[in-house]
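Written out below as structure tokens is the structure these notes cover.
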Amino acid sequence: QVQLVESGGGLVQAGGSLRLSCAVPGRAVISYAMAWFRHVPGKEREFVAGIARNPTYTYYADSVKDRLTISRDTSKMTVYLEMTGLKPEDTAVYYCAADSFPMYDSSYAPRSGAEYHYWGQGTQVTVSS
């Protein structure tokens, strides 16, 4: 079982910044494609950003492109989501997801949450106007 531990959520004013972290204790993050999703009650879960096993491949939702950056620190076994220029519509619970996708090449990091086997507990991000 792969454990994902998220942190870094909180309350921030519009235009502010936050950095979310997703730690994968005891695992090499290079072995997994990882992604961030967000969920607002009453709406479908939404893909935000993904980073493939080959970290040169990153993917973003159009709604967050140019404001959010996904990255990883192999030595800390952690993936980050840097969020800048936050808007009230970014308010959601943010979830980290991971999977090794052994049947796919190292550029693969799908936008569908159904393809990821491992999930964190979520961290709340609230952006006030």
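Labels used: A, B, ... for chains in the order of the structure tokens, numbers from 1 for residues in each chain, and numbers from 1 for ligands as shown.
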
Next item on the list: List every residue of stretch 14-119 of chain A that DSSP, applied to the backbone, labels as helix (DSSP H, G or I), and write the result as a ChimeraX atom specification.
Entry: /A:29-31,74-76,88-90,113-115

Residues of the last selection are to be written out with N, CA, C and O atoms, as a short mmCIF file (atom, residue, chain, number, x, y, z; two decimals), in the first residue's frame.
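Resulting contents of selection13.cif:
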```
data_model
loop_
_atom_site.label_atom_id
_atom_site.label_comp_id
_atom_site.auth_asym_id
_atom_site.auth_seq_id
_atom_site.Cartn_x
_atom_site.Cartn_y
_atom_site.Cartn_z
N VAL A 29 9.64 8.61 -5.35
CA VAL A 29 8.63 9.29 -6.18
C VAL A 29 8.91 9.12 -7.67
O VAL A 29 8.02 9.28 -8.48
N ILE A 30 10.17 8.79 -8.02
CA ILE A 30 10.46 8.60 -9.43
C ILE A 30 9.74 7.38 -9.98
O ILE A 30 9.66 7.20 -11.20
N SER A 31 9.23 6.54 -9.09
CA SER A 31 8.55 5.33 -9.53
C SER A 31 7.09 5.56 -9.87
O SER A 31 6.42 4.65 -10.37
N THR A 74 13.01 14.51 -5.31
CA THR A 74 13.24 13.08 -5.15
C THR A 74 13.84 12.76 -3.78
O THR A 74 13.46 11.78 -3.14
N SER A 75 14.76 13.62 -3.31
CA SER A 75 15.43 13.35 -2.04
C SER A 75 14.46 13.40 -0.87
O SER A 75 14.65 12.72 0.14
N LYS A 76 13.40 14.20 -0.99
CA LYS A 76 12.41 14.32 0.08
C LYS A 76 11.18 13.46 -0.17
O LYS A 76 10.23 13.50 0.63
N PRO A 88 -10.87 33.02 -5.82
CA PRO A 88 -11.90 32.36 -5.01
C PRO A 88 -12.37 31.04 -5.63
O PRO A 88 -12.68 30.09 -4.89
N GLU A 89 -12.38 30.96 -6.95
CA GLU A 89 -12.82 29.72 -7.59
C GLU A 89 -11.82 28.59 -7.46
O GLU A 89 -12.09 27.46 -7.86
N ASP A 90 -10.65 28.86 -6.89
CA ASP A 90 -9.69 27.80 -6.60
C ASP A 90 -10.01 27.12 -5.27
O ASP A 90 -9.37 26.12 -4.92
N GLY A 113 -9.02 10.79 -12.81
CA GLY A 113 -8.76 10.29 -11.46
C GLY A 113 -8.98 8.80 -11.33
O GLY A 113 -8.37 8.14 -10.48
N ALA A 114 -9.83 8.25 -12.17
CA ALA A 114 -10.14 6.82 -12.10
C ALA A 114 -8.92 5.95 -12.38
O ALA A 114 -8.91 4.77 -12.04
N GLU A 115 -7.91 6.51 -12.99
CA GLU A 115 -6.72 5.73 -13.35
C GLU A 115 -5.70 5.65 -12.22
O GLU A 115 -4.76 4.88 -12.31
#
```

Margin query: Measuring between only C-alpha atoms, which one of A:Ser63, A:Ser100, A:Thr69, A:Thr123 shows the shortest distance to A:Val2?
Written below: A:Ser100

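Distances from A:Ala14, A:Ala61, A:Val5, A:Val48 to A:Gly26 were compared using only C-alpha atoms, and the smallest one belongs to A:Val5.
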
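In terms of minimum interatomic distance to A:Thr126, A:Thr91 ranks closest within A:Ser107, A:Thr84, A:Asn54, A:Thr91, counting only C-alpha atoms.
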
Margin query: Write out as an MDAnalysis selection string the set of residues from stretch 43-115 of chain A that DSSP, computed on the backbone, places in strand (DSSP E or B).
Written below: chainID A and resid 46:51 58:60 68:73 78:83 92:99

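Using only C-alpha atoms, the smallest distance between any of A:Glu46, A:Val12, A:Met77, A:Ser129 and A:Arg27 comes from A:Met77.
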
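Computed from the coordinates, the atom CA of A:Thr58 to atom CA of A:Met34 distance equals 9.7 Å.
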
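If you look at atom CA of A:Ser106 and atom CA of A:Ser21, they are 22.0 Å away from each other.
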
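Our summary of the geometry notes that atom CA of A:Glu6 is positioned 10.3 Å from atom CA of A:Trp36.
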
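Nearest residue to A:Ala23, choosing from A:Tyr118, A:Tyr104, A:Tyr95, A:Tyr80 and counting only C-alpha atoms: A:Tyr80.
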
Please provide the set of residues having any atom within 12 Å of A:Tyr108, restricted to only C-alpha atoms, with same-chain residues fewer than 4 positions apart removed, written as a compact mmCIF listing (two decimals) with N, CA, C and O atoms, in the first residue's frame.
```
# COMPACT_ATOMS: atom_id res chain seq x y z
N SER A 31 9.23 6.54 -9.09
CA SER A 31 8.55 5.33 -9.53
C SER A 31 7.09 5.56 -9.87
O SER A 31 6.42 4.65 -10.37
N TYR A 32 6.60 6.77 -9.59
CA TYR A 32 5.18 7.04 -9.74
C TYR A 32 4.92 8.28 -10.58
O TYR A 32 5.66 9.27 -10.49
N ALA A 33 3.88 8.21 -11.36
CA ALA A 33 3.28 9.43 -11.88
C ALA A 33 2.35 9.95 -10.80
O ALA A 33 1.65 9.16 -10.14
N MET A 34 2.34 11.26 -10.60
CA MET A 34 1.53 11.82 -9.53
C MET A 34 0.74 13.01 -10.06
O MET A 34 1.15 13.65 -11.03
N ALA A 35 -0.36 13.26 -9.40
CA ALA A 35 -1.23 14.34 -9.86
C ALA A 35 -1.96 14.97 -8.68
O ALA A 35 -2.09 14.36 -7.62
N GLY A 50 -0.43 17.32 -13.24
CA GLY A 50 0.18 16.00 -13.15
C GLY A 50 1.64 16.05 -13.53
O GLY A 50 2.06 16.90 -14.32
N ILE A 51 2.41 15.13 -12.95
CA ILE A 51 3.83 15.01 -13.28
C ILE A 51 4.11 13.53 -13.50
O ILE A 51 3.78 12.68 -12.68
N ALA A 52 4.71 13.24 -14.64
CA ALA A 52 4.96 11.85 -15.01
C ALA A 52 6.19 11.31 -14.29
O ALA A 52 6.93 12.05 -13.63
N ARG A 53 6.43 10.01 -14.43
CA ARG A 53 7.64 9.42 -13.86
C ARG A 53 8.87 10.14 -14.41
O ARG A 53 9.84 10.37 -13.69
N ASN A 54 8.85 10.46 -15.69
CA ASN A 54 9.84 11.36 -16.27
C ASN A 54 9.38 12.78 -15.98
O ASN A 54 8.42 13.26 -16.60
N PRO A 55 10.01 13.49 -15.06
CA PRO A 55 9.47 14.76 -14.58
C PRO A 55 9.52 15.89 -15.60
O PRO A 55 8.99 16.99 -15.32
N THR A 56 10.12 15.65 -16.74
CA THR A 56 10.08 16.68 -17.79
C THR A 56 8.68 16.78 -18.39
O THR A 56 8.39 17.74 -19.10
N TYR A 57 7.86 15.78 -18.09
CA TYR A 57 6.48 15.80 -18.57
C TYR A 57 5.56 16.24 -17.44
O TYR A 57 5.37 15.53 -16.46
N THR A 58 5.01 17.43 -17.59
CA THR A 58 4.02 17.94 -16.65
C THR A 58 2.79 18.37 -17.43
O THR A 58 2.89 18.77 -18.60
N TYR A 59 1.65 18.31 -16.77
CA TYR A 59 0.38 18.57 -17.43
C TYR A 59 -0.48 19.43 -16.51
O TYR A 59 -0.45 19.25 -15.29
N ALA A 98 -1.46 9.02 -6.97
CA ALA A 98 -0.25 8.41 -7.52
C ALA A 98 -0.55 7.04 -8.10
O ALA A 98 -1.49 6.35 -7.67
N ASP A 99 0.25 6.66 -9.05
CA ASP A 99 0.21 5.31 -9.59
C ASP A 99 1.49 5.07 -10.38
O ASP A 99 2.06 6.02 -10.93
N SER A 100 1.91 3.83 -10.44
CA SER A 100 3.16 3.52 -11.14
C SER A 100 2.95 3.35 -12.65
O SER A 100 3.91 3.45 -13.42
N PHE A 101 1.73 3.07 -13.07
CA PHE A 101 1.42 2.89 -14.50
C PHE A 101 2.48 2.07 -15.23
O PHE A 101 3.10 2.53 -16.20
N PRO A 102 2.70 0.82 -14.79
CA PRO A 102 3.78 0.02 -15.38
C PRO A 102 3.56 -0.32 -16.85
O PRO A 102 4.51 -0.68 -17.54
N MET A 103 2.33 -0.22 -17.33
CA MET A 103 2.06 -0.59 -18.72
C MET A 103 2.20 0.60 -19.67
O MET A 103 1.97 0.45 -20.87
N TYR A 104 2.58 1.75 -19.12
CA TYR A 104 2.68 2.95 -19.94
C TYR A 104 4.10 3.50 -19.88
O TYR A 104 4.86 3.23 -18.96
N SER A 112 -7.49 11.59 -15.79
CA SER A 112 -8.64 10.93 -15.19
C SER A 112 -8.29 10.36 -13.82
O SER A 112 -7.39 9.53 -13.70
N GLU A 115 -7.91 6.51 -12.99
CA GLU A 115 -6.72 5.73 -13.35
C GLU A 115 -5.70 5.65 -12.22
O GLU A 115 -4.76 4.88 -12.31
N TYR A 116 -5.88 6.44 -11.17
CA TYR A 116 -4.92 6.43 -10.08
C TYR A 116 -5.40 5.53 -8.95
O TYR A 116 -6.54 5.63 -8.50
```

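Among A:Ala49, A:Glu82, A:Asp62, A:Ser71, the residue with the shortest atom-to-atom distance to A:Pro110, counting only C-alpha atoms, is A:Ala49.
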